[in-house]
>>> print(open('upload20.cif').read())   # mmCIF, C-alpha atoms
data_upload
#
loop_
_atom_site.label_atom_id
_atom_site.label_comp_id
_atom_site.auth_asym_id
_atom_site.auth_seq_id
_atom_site.Cartn_x
_atom_site.Cartn_y
_atom_site.Cartn_z
CA MET A 421 45.44 -153.14 51.50
CA GLY A 422 41.68 -153.06 51.37
CA PRO A 423 38.67 -152.19 49.22
CA VAL A 424 38.67 -148.86 47.46
CA THR A 425 35.20 -148.10 48.84
CA THR A 426 35.08 -146.30 52.17
CA ALA A 427 32.53 -148.63 53.79
CA GLY A 428 34.59 -151.71 52.96
CA ALA A 429 37.84 -150.11 54.12
CA VAL A 430 36.27 -149.01 57.41
CA ALA A 431 34.79 -152.47 58.01
CA GLN A 432 38.18 -154.11 57.42
CA ALA A 433 40.01 -151.58 59.60
CA HIS A 434 37.54 -152.10 62.44
CA ALA A 435 37.79 -155.89 62.25
CA GLU A 436 41.59 -155.80 62.19
CA THR A 437 41.68 -153.48 65.19
CA LEU A 438 39.36 -155.62 67.30
CA VAL A 439 41.33 -158.78 66.43
CA GLY A 440 44.53 -157.02 67.45
CA VAL A 441 42.99 -155.97 70.75
CA ALA A 442 41.71 -159.49 71.40
CA LEU A 443 45.12 -161.06 70.72
CA THR A 444 46.76 -158.52 73.00
CA GLN A 445 44.40 -159.39 75.84
CA LEU A 446 45.02 -163.12 75.37
CA ILE A 447 48.73 -162.54 75.86
CA ARG A 448 48.46 -159.90 78.60
CA SER A 449 45.01 -159.47 80.06
CA GLY A 450 44.22 -155.91 80.99
CA ALA A 451 46.99 -154.38 78.87
CA PRO A 452 46.03 -150.84 77.82
CA VAL A 453 45.25 -150.40 74.13
CA ILE A 454 44.38 -147.56 71.81
CA TYR A 455 42.36 -147.84 68.62
CA GLY A 456 44.80 -146.79 65.89
CA ASN A 457 43.13 -145.74 62.64
CA PHE A 458 44.94 -144.73 59.46
CA LEU A 459 42.79 -144.64 56.33
CA SER A 460 44.09 -143.08 53.14
CA SER A 461 42.84 -142.71 49.59
CA MET A 462 44.78 -143.30 46.40
CA ALA A 463 45.25 -141.80 42.97
CA LEU A 464 44.13 -144.87 41.04
CA ARG A 465 45.74 -143.75 37.77
CA SER A 466 49.22 -143.62 39.34
CA GLY A 467 48.95 -145.72 42.49
CA SER A 468 50.21 -142.85 44.65
CA PRO A 469 48.57 -142.38 48.06
CA THR A 470 46.65 -139.15 48.54
CA PHE A 471 46.07 -137.34 51.80
CA GLY A 472 43.59 -134.77 53.01
CA MET A 473 40.84 -136.11 50.78
CA PRO A 474 37.16 -136.16 51.85
CA GLU A 475 36.74 -139.96 51.78
CA PRO A 476 39.26 -140.75 54.55
CA ALA A 477 37.87 -137.78 56.50
CA LEU A 478 34.42 -139.37 56.37
CA GLY A 479 36.02 -142.67 57.38
CA SER A 480 37.49 -141.03 60.46
CA LEU A 481 34.03 -139.84 61.52
CA VAL A 482 32.74 -143.42 61.29
CA ILE A 483 35.79 -144.83 63.06
CA GLY A 484 35.22 -142.37 65.90
CA GLN A 485 31.78 -143.81 66.52
CA LEU A 486 33.06 -147.39 66.28
CA ALA A 487 35.85 -146.68 68.76
CA ARG A 488 33.38 -145.24 71.25
CA ARG A 489 31.13 -148.29 70.75
CA ALA A 490 34.10 -150.53 71.55
CA GLY A 491 35.00 -148.38 74.57
CA LEU A 492 38.49 -147.63 73.28
CA PRO A 493 40.47 -144.39 73.07
CA LEU A 494 41.20 -143.37 69.49
CA ARG A 495 44.33 -142.34 67.65
CA CYS A 496 43.46 -140.68 64.35
CA SER A 497 44.73 -138.56 61.47
CA GLY A 498 46.61 -135.29 61.73
CA ALA A 499 47.44 -132.47 59.31
CA PHE A 500 47.91 -134.75 56.30
CA THR A 501 48.75 -133.55 52.80
CA ALA A 502 50.23 -134.92 49.58
CA SER A 503 51.63 -131.52 48.61
CA LYS A 504 55.38 -131.19 48.23
CA VAL A 505 55.51 -127.60 49.47
CA PRO A 506 53.59 -125.57 52.11
CA ASP A 507 51.17 -124.03 49.63
CA GLY A 508 47.41 -123.65 49.38
CA GLN A 509 46.97 -127.33 48.54
CA ALA A 510 48.94 -128.31 51.63
CA MET A 511 46.87 -126.24 54.02
CA GLN A 512 43.54 -127.12 52.39
CA GLU A 513 44.24 -130.86 52.68
CA SER A 514 45.70 -130.52 56.17
CA ALA A 515 42.66 -128.59 57.39
CA VAL A 516 40.26 -131.24 56.00
CA SER A 517 42.23 -134.04 57.63
CA MET A 518 42.71 -132.32 60.98
CA LEU A 519 39.09 -131.23 61.21
CA SER A 520 37.91 -134.82 60.76
CA ALA A 521 40.17 -135.88 63.63
CA LEU A 522 38.69 -133.18 65.86
CA LEU A 523 35.10 -133.96 64.97
CA CYS A 524 35.47 -137.73 65.35
CA GLY A 525 36.61 -137.30 68.96
CA ALA A 526 40.19 -138.55 68.61
CA ASN A 527 42.07 -138.77 71.91
CA PHE A 528 45.55 -138.92 70.40
CA ILE A 529 46.57 -137.15 67.19
CA LEU A 530 49.94 -137.77 65.56
CA HIS A 531 51.36 -135.85 62.59
CA SER A 532 49.79 -132.59 63.72
CA ALA A 533 52.51 -130.36 62.28
CA GLY A 534 55.09 -130.40 59.51
CA TRP A 535 53.71 -133.21 57.32
CA LEU A 536 54.51 -132.90 53.59
CA GLU A 537 54.45 -135.20 50.52
CA GLY A 538 52.40 -137.90 52.20
CA GLY A 539 54.76 -138.10 55.15
CA LEU A 540 57.91 -138.56 53.06
CA ALA A 541 59.16 -135.12 54.03
CA MET A 542 58.94 -132.69 56.91
CA GLY A 543 58.81 -128.95 56.27
CA TYR A 544 59.85 -126.35 58.83
CA GLU A 545 57.64 -123.66 57.31
CA LYS A 546 54.75 -126.12 57.13
CA PHE A 547 55.39 -126.94 60.80
CA MET A 548 54.90 -123.30 61.79
CA MET A 549 51.79 -122.95 59.63
CA ASP A 550 50.32 -126.09 61.17
CA LEU A 551 50.95 -124.70 64.66
CA ASP A 552 48.52 -121.92 63.82
CA LEU A 553 46.03 -124.56 62.71
CA CYS A 554 46.53 -126.44 65.99
CA GLY A 555 45.98 -123.25 67.96
CA ALA A 556 42.73 -122.66 66.10
CA ALA A 557 41.78 -126.29 66.83
CA HIS A 558 42.23 -125.76 70.57
CA THR A 559 39.91 -122.76 70.41
CA TYR A 560 37.44 -124.76 68.33
CA LEU A 561 37.39 -127.60 70.86
CA LYS A 562 36.83 -125.30 73.83
CA GLY A 563 33.41 -124.45 72.46
CA ILE A 564 31.39 -121.44 73.60
CA SER A 565 31.02 -120.33 77.19
CA LEU A 566 27.45 -119.42 78.13
CA ASP A 567 27.94 -117.53 81.37
CA ASP A 568 26.38 -114.10 81.95
CA ASP A 569 29.51 -112.17 81.03
CA GLN A 570 29.77 -113.94 77.67
CA PHE A 571 26.22 -112.96 76.76
CA GLY A 572 27.27 -109.32 77.22
CA LEU A 573 24.00 -107.98 78.58
CA ASP A 574 25.84 -105.04 80.16
CA ALA A 575 27.27 -104.18 76.73
CA PHE A 576 23.80 -104.03 75.18
CA ALA A 577 22.66 -101.77 78.02
CA GLU A 578 25.71 -99.51 77.74
CA VAL A 579 25.78 -99.13 73.95
CA GLY A 580 22.13 -98.87 73.06
CA PRO A 581 20.56 -99.15 69.61
CA GLY A 582 22.46 -98.09 66.48
CA GLN A 583 25.88 -97.68 68.12
CA HIS A 584 29.12 -99.68 67.86
CA PHE A 585 30.58 -101.80 70.66
CA PHE A 586 34.28 -100.98 70.21
CA GLY A 587 34.53 -98.69 73.21
CA SER A 588 32.23 -100.53 75.60
CA GLN A 589 33.55 -101.86 78.90
CA HIS A 590 32.62 -105.37 77.83
CA THR A 591 34.81 -105.10 74.73
CA LEU A 592 37.70 -103.66 76.72
CA ARG A 593 37.47 -106.51 79.24
CA HIS A 594 37.71 -109.07 76.46
CA TYR A 595 40.04 -107.17 74.16
CA GLU A 596 42.97 -109.57 74.53
CA THR A 597 41.03 -112.83 74.76
CA ALA A 598 37.91 -112.53 72.59
CA PHE A 599 39.41 -114.02 69.42
CA TYR A 600 42.23 -116.39 68.55
CA GLU A 601 45.10 -114.61 66.79
CA PRO A 602 47.22 -116.82 64.49
CA ALA A 603 50.89 -115.94 64.68
CA LEU A 604 51.39 -115.97 60.90
CA SER A 605 48.22 -114.24 59.73
CA ASP A 606 48.52 -110.81 58.15
CA ASN A 607 45.42 -108.78 59.00
CA SER A 608 46.95 -105.43 58.12
CA SER A 609 45.58 -103.09 55.49
CA PHE A 610 46.76 -103.43 51.90
CA GLU A 611 49.03 -100.41 52.32
CA GLN A 612 50.65 -101.89 55.42
CA TRP A 613 51.07 -105.28 53.74
CA ARG A 614 52.65 -103.63 50.69
CA ASP A 615 55.01 -101.52 52.80
CA ASN A 616 56.05 -104.57 54.86
CA GLY A 617 57.26 -106.44 51.79
CA GLU A 618 54.08 -108.14 50.51
CA SER A 619 55.09 -111.37 52.25
CA THR A 620 53.23 -114.65 51.82
CA ALA A 621 52.30 -117.04 54.62
CA GLU A 622 55.23 -119.30 53.69
CA GLN A 623 57.63 -116.36 53.86
CA ARG A 624 56.30 -115.31 57.25
CA ALA A 625 56.62 -118.92 58.40
CA ALA A 626 60.27 -118.97 57.31
CA VAL A 627 60.92 -115.93 59.49
CA ALA A 628 59.14 -117.64 62.40
CA VAL A 629 61.35 -120.72 61.95
CA ARG A 630 64.49 -118.62 62.01
CA ASP A 631 63.41 -116.66 65.08
CA THR A 632 62.26 -119.79 66.94
CA LEU A 633 65.56 -121.61 66.37
CA ARG A 634 67.54 -118.50 67.29
CA ASP A 635 65.66 -117.90 70.53
CA PHE A 636 65.30 -121.52 71.65
CA GLU A 637 66.44 -122.32 75.18
CA LEU A 638 66.54 -125.77 76.70
CA PRO A 639 63.97 -126.11 79.50
CA PRO A 640 65.63 -126.13 82.92
CA MET A 641 66.55 -129.52 84.33
CA ALA A 642 68.46 -130.41 87.48
CA ASP A 643 71.88 -131.92 86.77
CA ASP A 644 71.14 -135.05 88.78
CA VAL A 645 67.87 -135.64 86.89
CA ASP A 646 69.64 -135.19 83.55
CA ALA A 647 72.39 -137.60 84.57
CA ALA A 648 69.87 -140.20 85.75
CA LEU A 649 67.93 -139.99 82.47
CA GLN A 650 71.11 -140.29 80.40
CA GLU A 651 72.22 -143.32 82.42
CA PHE A 652 68.81 -144.98 81.99
CA MET A 653 68.75 -144.43 78.21
CA ASN A 654 72.30 -145.70 77.72
CA ARG A 655 71.65 -148.77 79.88
CA ARG A 656 68.43 -149.67 78.11
CA LYS A 657 70.07 -149.25 74.69
CA ALA A 658 72.91 -151.56 75.75
CA GLU A 659 70.43 -154.17 77.06
CA MET A 660 68.37 -154.34 73.84
CA PRO A 661 69.71 -155.83 70.59
CA ASP A 662 69.42 -153.87 67.39
CA GLN A 663 66.19 -154.52 65.50
CA TRP A 664 65.63 -154.65 61.77
CA TYR A 665 63.14 -151.82 62.02
#
>>> encode(input="upload20.cif", output="structure tokens")
Amino acid sequence: MGPVTTAGAVAQAHAETLVGVALTQLIRSGAPVIYGNFLSSMALRSGSPTFGMPEPALGSLVIGQLARRAGLPLRCSGAFTASKVPDGQAMQESAVSMLSALLCGANFILHSAGWLEGGLAMGYEKFMMDLDLCGAAHTYLKGISLDDDQFGLDAFAEVGPGQHFFGSQHTLRHYETAFYEPALSDNSSFEQWRDNGESTAEQRAAVAVRDTLRDFELPPMADDVDAALQEFMNRRKAEMPDQWY
């Protein structure tokens, strides 16, 4: 719990984190730590937590600067939403939350895909939709290359004034890599979309879930490695008592 105001909540979160780090170092000096930040807003009329709101997103931007000041890696928000289904609300809130994590410089992002109803549920279709968001995020974080080829001076020379660039050699060289292509987006014409069943993003995601599960293959692993890992897990489970959590 903490103050409803963002500044007060951030101040409390920062103090709690630094105290936790200090206590850790007193017990085991030099132990690696990561600054874990989880701010959320609340619907004050009902008491329900809300996710993907602008206030926690702003808090993440501040926390990012505080983590860098403390010299600590940061774990921050993911594709959060309070929506119960993978609809427009879900993706709007998830995009706001994920973008704040990217812009604040988070090193470790949990809950990047599949989050629904404030984390009470996981949605397979939402998972696939979030994967497209994560792919866009990777492109976003790469930034813009500024080498000679990216400036396309040869394309300007080839095309000349008043002409289109579709057939230029520069365009053909970059045809497959120029832009990120989300797997679920439908960029067809209206006629094509109508003839293909007028499917929504959620419906296309459901097909992607089905195809992914159908085509999944376990990554190759040597039998001796698999046996060693199984033996290690079983031994460690037997050595550790059950915990209440």
>>> residues_around(input="upload20.cif", residues="stretch 499-509 of chain A", least_positions_apart="3", cutoff="10 Å", atoms="all atoms listed in the file", output="count of residues only")
44
>>> residues_around(input="upload20.cif", residues="A:Ala435", least_positions_apart="2", cutoff="12 Å", atoms="only C-alpha atoms", output="mmCIF file with C-alpha atoms, in the coordinates of the input")
data_model
loop_
_atom_site.group_PDB
_atom_site.id
_atom_site.type_symbol
_atom_site.label_atom_id
_atom_site.label_comp_id
_atom_site.auth_asym_id
_atom_site.auth_seq_id
_atom_site.Cartn_x
_atom_site.Cartn_y
_atom_site.Cartn_z
ATOM 1 C CA GLY A 422 41.680 -153.060 51.370
ATOM 2 C CA GLY A 428 34.590 -151.710 52.960
ATOM 3 C CA ALA A 429 37.840 -150.110 54.120
ATOM 4 C CA VAL A 430 36.270 -149.010 57.410
ATOM 5 C CA ALA A 431 34.790 -152.470 58.010
ATOM 6 C CA GLN A 432 38.180 -154.110 57.420
ATOM 7 C CA ALA A 433 40.010 -151.580 59.600
ATOM 8 C CA THR A 437 41.680 -153.480 65.190
ATOM 9 C CA LEU A 438 39.360 -155.620 67.300
ATOM 10 C CA VAL A 439 41.330 -158.780 66.430
ATOM 11 C CA GLY A 440 44.530 -157.020 67.450
ATOM 12 C CA VAL A 441 42.990 -155.970 70.750
ATOM 13 C CA ALA A 442 41.710 -159.490 71.400
ATOM 14 C CA TYR A 455 42.360 -147.840 68.620
ATOM 15 C CA ASN A 457 43.130 -145.740 62.640
ATOM 16 C CA ILE A 483 35.790 -144.830 63.060
ATOM 17 C CA LEU A 486 33.060 -147.390 66.280
ATOM 18 C CA ALA A 487 35.850 -146.680 68.760
ATOM 19 C CA ALA A 490 34.100 -150.530 71.550
#
>>> atom_distance(input="upload20.cif", atom1="atom CA of A:Pro474", atom2="atom CA of A:Ser461")
9.0 Å
>>> atom_distance(input="upload20.cif", atom1="atom CA of A:Pro476", atom2="atom CA of A:Thr426")
7.3 Å
>>> atom_distance(input="upload20.cif", atom1="atom CA of A:Ser605", atom2="atom CA of A:Arg593")
23.6 Å
>>> residues_around(input="upload20.cif", residues="A:Leu561", least_positions_apart="6", cutoff="10 Å", atoms="only C-alpha atoms", output="number ranges by chain")
A: 522-523, 525
>>> closest_residue(input="upload20.cif", among="A:Ala603, A:Met660, A:Leu494, A:Ala575", to="A:Gly587", atoms="all atoms listed in the file")
A:Ala575
>>> closest_residue(input="upload20.cif", among="A:Leu592, A:Ala463, A:Val453, A:Met511", to="A:Gly491", atoms="only C-alpha atoms")
A:Val453
>>> build_atoms(input="upload20.cif", residues="stretch 561-587 of chain A", atoms="N, CA and C atoms", output="PDB file, in the frame of the given file")
ATOM      1  N   LEU A 561      37.810-126.538  69.949  1.00  0.00           N
ATOM      2  CA  LEU A 561      37.390-127.600  70.860  1.00  0.00           C
ATOM      3  C   LEU A 561      36.888-127.063  72.195  1.00  0.00           C
ATOM      4  N   LYS A 562      37.305-125.862  72.568  1.00  0.00           N
ATOM      5  CA  LYS A 562      36.830-125.300  73.830  1.00  0.00           C
ATOM      6  C   LYS A 562      35.342-124.988  73.799  1.00  0.00           C
ATOM      7  N   GLY A 563      34.821-124.773  72.583  1.00  0.00           N
ATOM      8  CA  GLY A 563      33.410-124.450  72.460  1.00  0.00           C
ATOM      9  C   GLY A 563      33.106-123.029  72.924  1.00  0.00           C
ATOM     10  N   ILE A 564      31.851-122.779  73.235  1.00  0.00           N
ATOM     11  CA  ILE A 564      31.390-121.440  73.600  1.00  0.00           C
ATOM     12  C   ILE A 564      30.924-121.437  75.045  1.00  0.00           C
ATOM     13  N   SER A 565      31.473-120.507  75.821  1.00  0.00           N
ATOM     14  CA  SER A 565      31.020-120.330  77.190  1.00  0.00           C
ATOM     15  C   SER A 565      29.686-119.601  77.199  1.00  0.00           C
ATOM     16  N   LEU A 566      28.800-119.997  78.090  1.00  0.00           N
ATOM     17  CA  LEU A 566      27.450-119.420  78.130  1.00  0.00           C
ATOM     18  C   LEU A 566      27.154-118.728  79.463  1.00  0.00           C
ATOM     19  N   ASP A 567      28.200-118.226  80.122  1.00  0.00           N
ATOM     20  CA  ASP A 567      27.940-117.530  81.370  1.00  0.00           C
ATOM     21  C   ASP A 567      27.426-116.110  81.082  1.00  0.00           C
ATOM     22  N   ASP A 568      27.010-115.409  82.122  1.00  0.00           N
ATOM     23  CA  ASP A 568      26.380-114.100  81.950  1.00  0.00           C
ATOM     24  C   ASP A 568      27.293-113.099  81.258  1.00  0.00           C
ATOM     25  N   ASP A 569      28.579-113.128  81.612  1.00  0.00           N
ATOM     26  CA  ASP A 569      29.510-112.170  81.030  1.00  0.00           C
ATOM     27  C   ASP A 569      29.649-112.401  79.527  1.00  0.00           C
ATOM     28  N   GLN A 570      29.622-113.651  79.089  1.00  0.00           N
ATOM     29  CA  GLN A 570      29.770-113.940  77.670  1.00  0.00           C
ATOM     30  C   GLN A 570      28.553-113.471  76.869  1.00  0.00           C
ATOM     31  N   PHE A 571      27.391-113.459  77.476  1.00  0.00           N
ATOM     32  CA  PHE A 571      26.220-112.960  76.760  1.00  0.00           C
ATOM     33  C   PHE A 571      26.243-111.435  76.616  1.00  0.00           C
ATOM     34  N   GLY A 572      27.052-110.742  77.406  1.00  0.00           N
ATOM     35  CA  GLY A 572      27.270-109.320  77.220  1.00  0.00           C
ATOM     36  C   GLY A 572      26.057-108.442  77.415  1.00  0.00           C
ATOM     37  N   LEU A 573      25.200-108.791  78.373  1.00  0.00           N
ATOM     38  CA  LEU A 573      24.000-107.980  78.580  1.00  0.00           C
ATOM     39  C   LEU A 573      24.351-106.554  78.995  1.00  0.00           C
ATOM     40  N   ASP A 574      25.438-106.391  79.765  1.00  0.00           N
ATOM     41  CA  ASP A 574      25.840-105.040  80.160  1.00  0.00           C
ATOM     42  C   ASP A 574      26.276-104.229  78.953  1.00  0.00           C
ATOM     43  N   ALA A 575      26.852-104.909  77.934  1.00  0.00           N
ATOM     44  CA  ALA A 575      27.270-104.180  76.730  1.00  0.00           C
ATOM     45  C   ALA A 575      26.062-103.668  75.962  1.00  0.00           C
ATOM     46  N   PHE A 576      25.019-104.483  75.854  1.00  0.00           N
ATOM     47  CA  PHE A 576      23.800-104.030  75.180  1.00  0.00           C
ATOM     48  C   PHE A 576      23.205-102.816  75.903  1.00  0.00           C
ATOM     49  N   ALA A 577      23.230-102.872  77.241  1.00  0.00           N
ATOM     50  CA  ALA A 577      22.660-101.770  78.020  1.00  0.00           C
ATOM     51  C   ALA A 577      23.498-100.506  77.882  1.00  0.00           C
ATOM     52  N   GLU A 578      24.831-100.664  77.828  1.00  0.00           N
ATOM     53  CA  GLU A 578      25.710 -99.510  77.740  1.00  0.00           C
ATOM     54  C   GLU A 578      25.666 -98.854  76.363  1.00  0.00           C
ATOM     55  N   VAL A 579      25.647 -99.670  75.304  1.00  0.00           N
ATOM     56  CA  VAL A 579      25.780 -99.130  73.950  1.00  0.00           C
ATOM     57  C   VAL A 579      24.464 -98.578  73.422  1.00  0.00           C
ATOM     58  N   GLY A 580      23.413 -99.336  73.578  1.00  0.00           N
ATOM     59  CA  GLY A 580      22.130 -98.870  73.060  1.00  0.00           C
ATOM     60  C   GLY A 580      22.007 -99.116  71.560  1.00  0.00           C
ATOM     61  N   PRO A 581      20.824 -98.862  71.019  1.00  0.00           N
ATOM     62  CA  PRO A 581      20.560 -99.150  69.610  1.00  0.00           C
ATOM     63  C   PRO A 581      21.384 -98.256  68.675  1.00  0.00           C
ATOM     64  N   GLY A 582      21.841 -98.853  67.555  1.00  0.00           N
ATOM     65  CA  GLY A 582      22.460 -98.090  66.480  1.00  0.00           C
ATOM     66  C   GLY A 582      23.888 -97.644  66.737  1.00  0.00           C
ATOM     67  N   GLN A 583      24.519 -98.093  67.800  1.00  0.00           N
ATOM     68  CA  GLN A 583      25.880 -97.680  68.120  1.00  0.00           C
ATOM     69  C   GLN A 583      26.816 -98.882  68.034  1.00  0.00           C
ATOM     70  N   HIS A 584      28.139 -98.589  67.929  1.00  0.00           N
ATOM     71  CA  HIS A 584      29.120 -99.680  67.860  1.00  0.00           C
ATOM     72  C   HIS A 584      29.591-100.055  69.268  1.00  0.00           C
ATOM     73  N   PHE A 585      30.179-101.241  69.371  1.00  0.00           N
ATOM     74  CA  PHE A 585      30.580-101.800  70.660  1.00  0.00           C
ATOM     75  C   PHE A 585      32.077-101.655  70.939  1.00  0.00           C
ATOM     76  N   PHE A 586      32.820-101.002  70.065  1.00  0.00           N
ATOM     77  CA  PHE A 586      34.280-100.980  70.210  1.00  0.00           C
ATOM     78  C   PHE A 586      34.741-100.384  71.533  1.00  0.00           C
ATOM     79  N   GLY A 587      34.074 -99.354  71.993  1.00  0.00           N
ATOM     80  CA  GLY A 587      34.530 -98.690  73.210  1.00  0.00           C
ATOM     81  C   GLY A 587      33.830 -99.123  74.469  1.00  0.00           C
TER      82      GLY A 587
END
